[in-house]
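J.: Would you mind keeping the following structure in view while I ask a few things?
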Amino acid sequence: MADNLLEVKNLITSFKTDGGWLRAVDEISFSVPRGKTVGIVGESGCGKSVTAMSIVQLLPQPMGQVLGGEVILNGQDLIKLSTGEMRKIRGIDIGVIFQEPMTALNPCHRIGKQISEVFLLHTKISKQDAWQASIDILKKVKIPAPELRVGEYPHQLSGGMRQRVVIAMALACKPDLLIADEPTTALDVTVQSQILDLISDLQEEMGMSVILITHDLGVIAQSCDEVVVMYAGRIVEKTTAESLFKEPLHAYTKGLLSSMPRLDTPRKSELKTIPGNVASIHDFVQGCRFCQRLGVPVSELTQKPEYREVSPNHWVETCPQCYKP
């Protein structure tokens, strides 16, 4: 426990609909070691962002609720905290890089004011000092001419610049844990690499842990120490990044890896795809949900597969059809 900054245990997150409560995150468990990066990977609709928002209690209200499990940060269960107590945790202990910086930033306020609010909210400094601290943090995330940028509005910055501003806000108070929700989405490849390198450099400098949410296995290979593979609200495989790429065990993980283009792939050859789509949350079965995608009759998918450790630090959902050792 002492080696892990964060422990997520049997987390259940549900959304209230006209048809009742539907589980978007279904009893998942994972840990984040101190100073390490854990990647959460999967297609859209698999529960990655809902997991992140459950950790920081930023689910849409009143529809989204954590109905079970524990989220333990430095020995403290965040699920049991009040809204006011959780507000003190966010920013100081946990920083969040949201998925789309243009919607995360307020278009009506200058960059400097938005970053200054973080310092004014969590530290006892003057407005003048907060403004200077905003300039300093923009320097740290390598924004050129930060003295000018603090006076600009979000729409005046490029996508890469806005992403750096969001990173600056997340890291302003030097949190122990950074949650980066698809921080390279909609950025070109060169800027993606710069953003990932920036997060890695700041992580090493500050000694923080990182949860990196993405659907890009290339990002996982470049940045992560451990990987959590999610499918339809459940974890289907969890292991080290090296082990995942060397010896994937679940059929869904193998499908994701086989869909990646490779340097040795013949030119103009058709890329492999995983047939079908992730089921709607309304249609989730109790049994193996990847079998559901592959066309196994729903009547046969009534038993939840056992999720167990099949080798040291390698956990898999052991569906007989999807896991064949």
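Quick note on naming: the chains in the structure tokens go A, B, ... in the order shown, residues restart at 1 in each chain, and ligands are numbered from 1 in order of appearance.
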Name the residues in contact with range 204-210 of chain A at a cut-off of 6 Å, using only C-alpha atoms, excluding same-chain residues fewer than 4 positions from it; report them as an mmCIF file with C-alpha atoms, in the first residue's frame.
T.:
```
data_model
loop_
_atom_site.group_PDB
_atom_site.id
_atom_site.type_symbol
_atom_site.label_atom_id
_atom_site.label_comp_id
_atom_site.auth_asym_id
_atom_site.auth_seq_id
_atom_site.Cartn_x
_atom_site.Cartn_y
_atom_site.Cartn_z
ATOM 1 C CA ARG A 34 4.247 6.568 -6.721
ATOM 2 C CA GLY A 35 6.152 8.359 -9.457
ATOM 3 C CA LYS A 36 4.880 6.039 -12.201
ATOM 4 C CA THR A 37 2.555 6.415 -15.185
ATOM 5 C CA ASP A 176 0.821 14.331 -6.250
ATOM 6 C CA LEU A 177 -1.367 12.828 -8.997
ATOM 7 C CA LEU A 178 -2.011 14.092 -12.518
ATOM 8 C CA ILE A 179 -4.954 12.726 -14.502
#
```
J.: Which residues, written as a PDB file with N, CA and C atoms, in the first residue's frame, have at least one atom at most 8 Å from Cys322 in chain A, with only C-alpha atoms counted and residues fewer than 3 positions away on the same chain left out?
T.:
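Output below, filename selection-v6.pdb:
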```pdb
ATOM      1  N   HIS A 250      -5.626 -11.210 -23.585  1.00  0.00           N
ATOM      2  CA  HIS A 250      -7.066 -11.139 -23.856  1.00  0.00           C
ATOM      3  C   HIS A 250      -7.297 -10.839 -25.342  1.00  0.00           C
ATOM      4  N   ALA A 251      -8.372 -11.397 -25.882  1.00  0.00           N
ATOM      5  CA  ALA A 251      -8.665 -11.226 -27.311  1.00  0.00           C
ATOM      6  C   ALA A 251      -8.851  -9.764 -27.686  1.00  0.00           C
ATOM      7  N   TYR A 252      -9.429  -8.968 -26.786  1.00  0.00           N
ATOM      8  CA  TYR A 252      -9.637  -7.547 -27.095  1.00  0.00           C
ATOM      9  C   TYR A 252      -8.303  -6.820 -27.190  1.00  0.00           C
ATOM     10  N   PHE A 290     -17.075  -8.712 -24.571  1.00  0.00           N
ATOM     11  CA  PHE A 290     -16.400  -8.783 -25.860  1.00  0.00           C
ATOM     12  C   PHE A 290     -16.989  -9.927 -26.686  1.00  0.00           C
ATOM     13  N   CYS A 291     -17.386 -11.015 -26.033  1.00  0.00           N
ATOM     14  CA  CYS A 291     -18.101 -12.089 -26.737  1.00  0.00           C
ATOM     15  C   CYS A 291     -19.419 -11.565 -27.302  1.00  0.00           C
ATOM     16  N   THR A 318     -10.879 -13.835 -17.451  1.00  0.00           N
ATOM     17  CA  THR A 318     -10.618 -15.152 -18.025  1.00  0.00           C
ATOM     18  C   THR A 318     -11.864 -15.782 -18.637  1.00  0.00           C
ATOM     19  N   CYS A 319     -12.415 -15.128 -19.633  1.00  0.00           N
ATOM     20  CA  CYS A 319     -13.480 -15.724 -20.445  1.00  0.00           C
ATOM     21  C   CYS A 319     -12.878 -16.872 -21.265  1.00  0.00           C
TER      22      CYS A 319
END
```
J.: Go through A:Gly218, A:Gly68, A:Pro175, A:Pro183 one by one, measure the shortest atom-to-atom distance of each to Lys9 in chain A using only C-alpha atoms, and give the residue with the smallest value.
T.: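 Checking each candidate against Lys9 in chain A, we get A:Gly68 as the closest.
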J.: For CA of Ser116 in chain A and CA of Ser193 in chain A, quote the distance in Å rounded to one decimal.
T.: 27.5 Å
J.: Between A:Tyr307, A:Phe245, A:Tyr231, A:Trp315, which is the closest to Arg289 in chain A once you count only C-alpha atoms?
T.: A:Tyr231
J.: Quick one: distance from CA of Asn4 in chain A to CA of Cys173 in chain A in Å, one decimal?
T.: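 Going from CA of Asn4 in chain A over to CA of Cys173 in chain A, I get 20.8 Å.
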J.: So that I can see what lies close to range 60-65 of chain A, please list as a list of chain:residue names the residues with an atom at most 10 Å from it, counting only C-alpha atoms and leaving out residues fewer than 3 positions away in the same chain.
T.: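 Non-adjacent residues within range: A:Ile12, A:Thr13, A:Ser14, A:Phe15, A:Lys16, A:Thr17, A:Trp21, A:Leu22, A:Arg23, A:Ala24, A:Val50, A:Met53, A:Ser54, A:Gln57, A:Gly68.
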J.: Do a neighbour search on Val38 in chain A at 9 Å with only C-alpha atoms, toss out local chain neighbours closer than 4 positions, and write the hits as a PDB file with N, CA and C atoms, in the first residue's frame.
T.:
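Result file result-v4.pdb:
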```pdb
ATOM      1  N   SER A  31      -4.238   0.151  -9.316  1.00  0.00           N
ATOM      2  CA  SER A  31      -3.457   1.025  -8.448  1.00  0.00           C
ATOM      3  C   SER A  31      -2.493   1.855  -9.279  1.00  0.00           C
ATOM      4  N   VAL A  32      -2.063   2.971  -8.705  1.00  0.00           N
ATOM      5  CA  VAL A  32      -1.096   3.856  -9.358  1.00  0.00           C
ATOM      6  C   VAL A  32       0.114   3.983  -8.443  1.00  0.00           C
ATOM      7  N   PRO A  33       1.248   3.373  -8.812  1.00  0.00           N
ATOM      8  CA  PRO A  33       2.449   3.479  -7.977  1.00  0.00           C
ATOM      9  C   PRO A  33       2.983   4.908  -7.931  1.00  0.00           C
ATOM     10  N   SER A 209       2.749  11.099  -9.793  1.00  0.00           N
ATOM     11  CA  SER A 209       2.212   9.960 -10.523  1.00  0.00           C
ATOM     12  C   SER A 209       1.251  10.468 -11.588  1.00  0.00           C
ATOM     13  N   VAL A 210       1.064   9.678 -12.636  1.00  0.00           N
ATOM     14  CA  VAL A 210       0.216  10.097 -13.751  1.00  0.00           C
ATOM     15  C   VAL A 210      -0.729   8.972 -14.151  1.00  0.00           C
ATOM     16  N   ILE A 211      -2.003   9.320 -14.361  1.00  0.00           N
ATOM     17  CA  ILE A 211      -2.945   8.437 -15.047  1.00  0.00           C
ATOM     18  C   ILE A 211      -3.149   9.033 -16.432  1.00  0.00           C
ATOM     19  N   LEU A 212      -2.764   8.291 -17.457  1.00  0.00           N
ATOM     20  CA  LEU A 212      -2.857   8.771 -18.832  1.00  0.00           C
ATOM     21  C   LEU A 212      -3.955   8.003 -19.556  1.00  0.00           C
ATOM     22  N   ILE A 213      -5.027   8.698 -19.910  1.00  0.00           N
ATOM     23  CA  ILE A 213      -6.161   8.074 -20.587  1.00  0.00           C
ATOM     24  C   ILE A 213      -6.040   8.326 -22.080  1.00  0.00           C
ATOM     25  N   ILE A 220       0.681   4.909 -25.324  1.00  0.00           N
ATOM     26  CA  ILE A 220       0.917   3.988 -24.207  1.00  0.00           C
ATOM     27  C   ILE A 220       2.348   3.471 -24.238  1.00  0.00           C
ATOM     28  N   SER A 223       4.876   6.255 -23.184  1.00  0.00           N
ATOM     29  CA  SER A 223       4.797   7.003 -21.928  1.00  0.00           C
ATOM     30  C   SER A 223       4.549   6.194 -20.662  1.00  0.00           C
ATOM     31  N   CYS A 224       4.006   4.980 -20.769  1.00  0.00           N
ATOM     32  CA  CYS A 224       3.445   4.320 -19.581  1.00  0.00           C
ATOM     33  C   CYS A 224       4.317   3.211 -19.017  1.00  0.00           C
ATOM     34  N   ASP A 225       4.246   3.052 -17.699  1.00  0.00           N
ATOM     35  CA  ASP A 225       4.910   1.942 -17.014  1.00  0.00           C
ATOM     36  C   ASP A 225       3.978   0.747 -16.898  1.00  0.00           C
ATOM     37  N   GLU A 226       2.700   1.016 -16.595  1.00  0.00           N
ATOM     38  CA  GLU A 226       1.690  -0.028 -16.481  1.00  0.00           C
ATOM     39  C   GLU A 226       0.478   0.351 -17.322  1.00  0.00           C
ATOM     40  N   VAL A 227      -0.318  -0.662 -17.721  1.00  0.00           N
ATOM     41  CA  VAL A 227      -1.446  -0.422 -18.614  1.00  0.00           C
ATOM     42  C   VAL A 227      -2.690  -1.134 -18.089  1.00  0.00           C
ATOM     43  N   VAL A 228      -3.807  -0.407 -18.136  1.00  0.00           N
ATOM     44  CA  VAL A 228      -5.120  -0.956 -17.822  1.00  0.00           C
ATOM     45  C   VAL A 228      -5.928  -0.924 -19.114  1.00  0.00           C
ATOM     46  N   THR A 240       2.171  -4.710 -16.939  1.00  0.00           N
ATOM     47  CA  THR A 240       3.166  -3.712 -17.304  1.00  0.00           C
ATOM     48  C   THR A 240       3.094  -3.450 -18.811  1.00  0.00           C
ATOM     49  N   ALA A 241       3.552  -2.285 -19.229  1.00  0.00           N
ATOM     50  CA  ALA A 241       3.525  -1.951 -20.654  1.00  0.00           C
ATOM     51  C   ALA A 241       4.371  -2.936 -21.452  1.00  0.00           C
TER      52      ALA A 241
END
```
J.: I want to know what sits within 12 Å of Lys80 in chain A, based on only C-alpha atoms, with residues of the same chain fewer than 4 positions away left out; could you give that as an MDAnalysis selection string?
T.: chainID A and resid 55:57 66:73 76 84:86
J.: Between CA of Val41 in chain A and CA of Pro266 in chain A, what is the distance in Å, rounded to a tenth?
T.: 26.7 Å
J.: Would you pick out the contacts of Pro144 in chain A at 12 Å or less, using only C-alpha atoms, so that residues sharing its chain but fewer than 3 positions from it are not included, and give the list as a list of chain:residue names?
T.: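 So the residues in contact are A:Ile135, A:Asp136, A:Ile137, A:Leu138, A:Lys139, A:Lys140, A:Val141, A:Glu147, A:Leu148, A:Arg149, A:Val150, A:Leu157, A:Met161, A:Arg164, A:Val165.
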J.: Grab the residues selected above and save them as a JSON list (two decimals), in the first residue's frame with N, CA and C atoms.
T.:
```json
[["chain", "number", "residue", "atom", "x", "y", "z"],
["A", 135, "ILE", "N", 2.62, 33.52, -14.75],
["A", 135, "ILE", "CA", 3.67, 33.70, -15.77],
["A", 135, "ILE", "C", 4.75, 32.64, -15.60],
["A", 136, "ASP", "N", 5.13, 32.37, -14.35],
["A", 136, "ASP", "CA", 6.19, 31.40, -14.08],
["A", 136, "ASP", "C", 5.78, 29.99, -14.51],
["A", 137, "ILE", "N", 4.52, 29.61, -14.27],
["A", 137, "ILE", "CA", 4.08, 28.26, -14.64],
["A", 137, "ILE", "C", 3.96, 28.13, -16.16],
["A", 138, "LEU", "N", 3.62, 29.23, -16.85],
["A", 138, "LEU", "CA", 3.59, 29.19, -18.31],
["A", 138, "LEU", "C", 5.01, 29.02, -18.87],
["A", 139, "LYS", "N", 5.99, 29.61, -18.20],
["A", 139, "LYS", "CA", 7.38, 29.38, -18.60],
["A", 139, "LYS", "C", 7.75, 27.91, -18.45],
["A", 140, "LYS", "N", 7.27, 27.31, -17.36],
["A", 140, "LYS", "CA", 7.61, 25.92, -17.08],
["A", 140, "LYS", "C", 7.06, 24.97, -18.15],
["A", 141, "VAL", "N", 5.88, 25.31, -18.71],
["A", 141, "VAL", "CA", 5.31, 24.46, -19.76],
["A", 141, "VAL", "C", 5.74, 24.93, -21.15],
["A", 147, "GLU", "N", 4.67, 36.53, -20.62],
["A", 147, "GLU", "CA", 4.20, 37.83, -20.13],
["A", 147, "GLU", "C", 3.10, 38.39, -21.03],
["A", 148, "LEU", "N", 3.14, 38.03, -22.31],
["A", 148, "LEU", "CA", 2.10, 38.46, -23.25],
["A", 148, "LEU", "C", 0.91, 37.51, -23.25],
["A", 149, "ARG", "N", 1.20, 36.23, -23.15],
["A", 149, "ARG", "CA", 0.13, 35.22, -23.23],
["A", 149, "ARG", "C", -0.88, 35.34, -22.10],
["A", 150, "VAL", "N", -0.43, 35.75, -20.92],
["A", 150, "VAL", "CA", -1.36, 35.85, -19.79],
["A", 150, "VAL", "C", -2.47, 36.87, -20.05],
["A", 157, "LEU", "N", -5.01, 31.60, -28.98],
["A", 157, "LEU", "CA", -3.91, 30.64, -28.91],
["A", 157, "LEU", "C", -4.17, 29.46, -29.84],
["A", 161, "MET", "N", -0.92, 25.40, -27.84],
["A", 161, "MET", "CA", -0.76, 26.39, -26.78],
["A", 161, "MET", "C", -1.84, 26.23, -25.72],
["A", 164, "ARG", "N", -1.14, 23.39, -23.48],
["A", 164, "ARG", "CA", -0.09, 23.72, -22.51],
["A", 164, "ARG", "C", -0.65, 24.58, -21.37],
["A", 165, "VAL", "N", -1.59, 25.46, -21.69],
["A", 165, "VAL", "CA", -2.23, 26.26, -20.64],
["A", 165, "VAL", "C", -3.00, 25.36, -19.68]]
```
J.: Taking a cut-off of 12 Å and counting only C-alpha atoms, can you build a table that, for each residue of range 162-245 of chain A near range 102-113 of chain A, reports the nearest atom pair and how far apart they are in Å (one decimal), sorted by chain then residue number, as a Markdown table?
T.:
```
| residue | atom | partner | partner_atom | distance |
| --- | --- | --- | --- | --- |
| A:Arg162 | CA | A:Met102 | CA | 7.1 |
| A:Gln163 | CA | A:Met102 | CA | 8.5 |
| A:Arg164 | CA | A:Ile111 | CA | 11.2 |
| A:Val165 | CA | A:Ile111 | CA | 7.7 |
| A:Val166 | CA | A:Leu105 | CA | 7.6 |
| A:Ile167 | CA | A:Ala104 | CA | 11.0 |
| A:Ala168 | CA | A:Ile111 | CA | 10.5 |
| A:Met169 | CA | A:Ile111 | CA | 9.8 |
| A:Ala170 | CA | A:Ala104 | CA | 11.2 |
| A:Asp181 | CA | A:Ala104 | CA | 11.7 |
| A:Pro183 | CA | A:Ala104 | CA | 11.8 |
| A:Thr185 | CA | A:Met102 | CA | 11.8 |
| A:Ala186 | CA | A:Met102 | CA | 11.2 |
```
J.: Please, could you write that set of residues out with all heavy atoms as an mmCIF file, in the first residue's frame?
T.:
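Written file, again_21.cif:
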```cif
data_model
loop_
_atom_site.group_PDB
_atom_site.id
_atom_site.type_symbol
_atom_site.label_atom_id
_atom_site.label_comp_id
_atom_site.auth_asym_id
_atom_site.auth_seq_id
_atom_site.Cartn_x
_atom_site.Cartn_y
_atom_site.Cartn_z
ATOM 1 N N ARG A 162 -3.093 26.063 -26.159
ATOM 2 C CA ARG A 162 -4.190 25.890 -25.198
ATOM 3 C C ARG A 162 -3.971 24.642 -24.353
ATOM 4 O O ARG A 162 -4.248 24.648 -23.147
ATOM 5 C CB ARG A 162 -5.530 25.811 -25.933
ATOM 6 C CG ARG A 162 -6.005 27.134 -26.494
ATOM 7 C CD ARG A 162 -7.464 27.085 -26.881
ATOM 8 N NE ARG A 162 -7.703 26.178 -27.994
ATOM 9 C CZ ARG A 162 -7.732 26.553 -29.273
ATOM 10 N NH1 ARG A 162 -7.528 27.822 -29.599
ATOM 11 N NH2 ARG A 162 -7.988 25.674 -30.231
ATOM 12 N N GLN A 163 -3.461 23.583 -24.980
ATOM 13 C CA GLN A 163 -3.208 22.364 -24.220
ATOM 14 C C GLN A 163 -2.134 22.611 -23.162
ATOM 15 O O GLN A 163 -2.234 22.120 -22.028
ATOM 16 C CB GLN A 163 -2.775 21.245 -25.164
ATOM 17 C CG GLN A 163 -2.741 19.863 -24.539
ATOM 18 C CD GLN A 163 -4.104 19.389 -24.085
ATOM 19 O OE1 GLN A 163 -4.564 19.745 -23.000
ATOM 20 N NE2 GLN A 163 -4.760 18.593 -24.894
ATOM 21 N N ARG A 164 -1.136 23.390 -23.481
ATOM 22 C CA ARG A 164 -0.090 23.721 -22.506
ATOM 23 C C ARG A 164 -0.648 24.577 -21.365
ATOM 24 O O ARG A 164 -0.218 24.442 -20.219
ATOM 25 C CB ARG A 164 1.064 24.444 -23.202
ATOM 26 C CG ARG A 164 1.891 23.548 -24.111
ATOM 27 C CD ARG A 164 2.878 24.337 -24.951
ATOM 28 N NE ARG A 164 3.534 23.491 -25.934
ATOM 29 C CZ ARG A 164 4.701 22.866 -25.747
ATOM 30 N NH1 ARG A 164 5.342 23.010 -24.604
ATOM 31 N NH2 ARG A 164 5.213 22.109 -26.694
ATOM 32 N N VAL A 165 -1.587 25.457 -21.686
ATOM 33 C CA VAL A 165 -2.226 26.265 -20.640
ATOM 34 C C VAL A 165 -2.998 25.365 -19.682
ATOM 35 O O VAL A 165 -2.923 25.526 -18.448
ATOM 36 C CB VAL A 165 -3.164 27.322 -21.256
ATOM 37 C CG1 VAL A 165 -4.004 27.991 -20.170
ATOM 38 C CG2 VAL A 165 -2.362 28.371 -22.014
ATOM 39 N N VAL A 166 -3.718 24.397 -20.213
ATOM 40 C CA VAL A 166 -4.475 23.467 -19.374
ATOM 41 C C VAL A 166 -3.519 22.651 -18.503
ATOM 42 O O VAL A 166 -3.795 22.387 -17.325
ATOM 43 C CB VAL A 166 -5.362 22.544 -20.237
ATOM 44 C CG1 VAL A 166 -6.011 21.468 -19.390
ATOM 45 C CG2 VAL A 166 -6.437 23.358 -20.956
ATOM 46 N N ILE A 167 -2.390 22.247 -19.066
ATOM 47 C CA ILE A 167 -1.376 21.524 -18.285
ATOM 48 C C ILE A 167 -0.841 22.425 -17.174
ATOM 49 O O ILE A 167 -0.661 21.984 -16.030
ATOM 50 C CB ILE A 167 -0.234 21.042 -19.205
ATOM 51 C CG1 ILE A 167 -0.744 19.971 -20.169
ATOM 52 C CG2 ILE A 167 0.937 20.494 -18.377
ATOM 53 C CD1 ILE A 167 0.261 19.566 -21.232
ATOM 54 N N ALA A 168 -0.599 23.690 -17.500
ATOM 55 C CA ALA A 168 -0.104 24.642 -16.493
ATOM 56 C C ALA A 168 -1.090 24.767 -15.341
ATOM 57 O O ALA A 168 -0.692 24.792 -14.163
ATOM 58 C CB ALA A 168 0.133 26.001 -17.145
ATOM 59 N N MET A 169 -2.380 24.855 -15.640
ATOM 60 C CA MET A 169 -3.399 24.966 -14.596
ATOM 61 C C MET A 169 -3.437 23.714 -13.736
ATOM 62 O O MET A 169 -3.583 23.779 -12.512
ATOM 63 C CB MET A 169 -4.774 25.219 -15.226
ATOM 64 C CG MET A 169 -4.887 26.569 -15.911
ATOM 65 S SD MET A 169 -6.441 26.801 -16.792
ATOM 66 C CE MET A 169 -7.583 26.917 -15.406
ATOM 67 N N ALA A 170 -3.287 22.530 -14.379
ATOM 68 C CA ALA A 170 -3.328 21.268 -13.640
ATOM 69 C C ALA A 170 -2.133 21.116 -12.702
ATOM 70 O O ALA A 170 -2.233 20.517 -11.627
ATOM 71 C CB ALA A 170 -3.380 20.097 -14.614
ATOM 72 N N ASP A 181 -6.589 13.281 -19.372
ATOM 73 C CA ASP A 181 -7.650 12.636 -20.149
ATOM 74 C C ASP A 181 -7.474 12.967 -21.631
ATOM 75 O O ASP A 181 -7.872 14.021 -22.099
ATOM 76 C CB ASP A 181 -9.021 13.118 -19.645
ATOM 77 C CG ASP A 181 -10.170 12.319 -20.245
ATOM 78 O OD1 ASP A 181 -9.902 11.417 -21.072
ATOM 79 O OD2 ASP A 181 -11.331 12.590 -19.898
ATOM 80 N N PRO A 183 -4.799 13.843 -23.514
ATOM 81 C CA PRO A 183 -4.210 15.184 -23.640
ATOM 82 C C PRO A 183 -3.708 15.520 -25.034
ATOM 83 O O PRO A 183 -3.375 16.667 -25.304
ATOM 84 C CB PRO A 183 -3.046 15.140 -22.646
ATOM 85 C CG PRO A 183 -2.646 13.706 -22.601
ATOM 86 C CD PRO A 183 -3.936 12.943 -22.733
ATOM 87 N N THR A 185 -5.470 14.589 -27.948
ATOM 88 C CA THR A 185 -6.550 14.509 -28.921
ATOM 89 C C THR A 185 -6.598 15.774 -29.780
ATOM 90 O O THR A 185 -6.470 16.884 -29.284
ATOM 91 C CB THR A 185 -7.903 14.339 -28.206
ATOM 92 O OG1 THR A 185 -7.857 13.109 -27.468
ATOM 93 C CG2 THR A 185 -9.059 14.278 -29.193
ATOM 94 N N ALA A 186 -6.790 15.592 -31.088
ATOM 95 C CA ALA A 186 -6.957 16.684 -32.058
ATOM 96 C C ALA A 186 -5.689 17.510 -32.278
ATOM 97 O O ALA A 186 -5.742 18.566 -32.887
ATOM 98 C CB ALA A 186 -8.107 17.607 -31.653
#
```
J.: As a tab-separated table (two decimals) with all heavy atoms, in the first residue's frame, please: the residues near Leu187 in chain A (cut-off 10 Å, only C-alpha atoms, same-chain neighbours under 5 positions excluded).
T.:
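Wrote it out as out_7.tsv, contents follow:
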```tsv
chain	number	residue	atom	x	y	z
A	158	SER	N	-3.12	28.80	-30.28
A	158	SER	CA	-3.25	27.59	-31.09
A	158	SER	C	-3.69	26.43	-30.19
A	158	SER	O	-3.68	26.52	-28.95
A	158	SER	CB	-1.90	27.25	-31.73
A	158	SER	OG	-0.96	26.88	-30.73
A	159	GLY	N	-4.05	25.31	-30.82
A	159	GLY	CA	-4.47	24.13	-30.05
A	159	GLY	C	-3.39	23.63	-29.11
A	159	GLY	O	-3.66	23.30	-27.96
A	160	GLY	N	-2.14	23.59	-29.60
A	160	GLY	CA	-1.04	23.15	-28.76
A	160	GLY	C	-0.79	24.10	-27.59
A	160	GLY	O	-0.49	23.66	-26.48
A	163	GLN	N	-3.46	23.58	-24.98
A	163	GLN	CA	-3.21	22.36	-24.22
A	163	GLN	C	-2.13	22.61	-23.16
A	163	GLN	O	-2.23	22.12	-22.03
A	163	GLN	CB	-2.78	21.25	-25.16
A	163	GLN	CG	-2.74	19.86	-24.54
A	163	GLN	CD	-4.10	19.39	-24.08
A	163	GLN	OE1	-4.56	19.74	-23.00
A	163	GLN	NE2	-4.76	18.59	-24.89
A	192	GLN	N	1.74	16.45	-30.53
A	192	GLN	CA	1.46	15.33	-29.61
A	192	GLN	C	2.74	14.91	-28.89
A	192	GLN	O	2.77	14.75	-27.68
A	192	GLN	CB	0.91	14.14	-30.39
A	192	GLN	CG	-0.55	14.24	-30.75
A	192	GLN	CD	-1.07	12.94	-31.34
A	192	GLN	OE1	-0.53	11.88	-31.08
A	192	GLN	NE2	-2.08	13.04	-32.16
A	193	SER	N	3.79	14.72	-29.66
A	193	SER	CA	5.06	14.28	-29.08
A	193	SER	C	5.60	15.31	-28.10
A	193	SER	O	6.10	14.96	-27.03
A	193	SER	CB	6.07	14.03	-30.21
A	193	SER	OG	7.31	13.60	-29.68
A	195	ILE	N	3.85	17.47	-26.31
A	195	ILE	CA	3.02	17.46	-25.11
A	195	ILE	C	3.37	16.27	-24.22
A	195	ILE	O	3.50	16.41	-22.99
A	195	ILE	CB	1.52	17.44	-25.48
A	195	ILE	CG1	1.11	18.74	-26.19
A	195	ILE	CG2	0.66	17.21	-24.25
A	195	ILE	CD1	1.26	19.99	-25.36
```
J.: Please identify which residues in range 42-80 of chain A DSSP calls alpha helix (DSSP H) from the backbone, and express them as a PyMOL selection string.
T.: chain A and resi 48-55
J.: With DSSP run on the backbone, what are the strand (DSSP E) residues within range 36-110 of chain A? I'd like them as a PyMOL selection string.
T.: chain A and resi 37-41+64-73+76-77+94-97
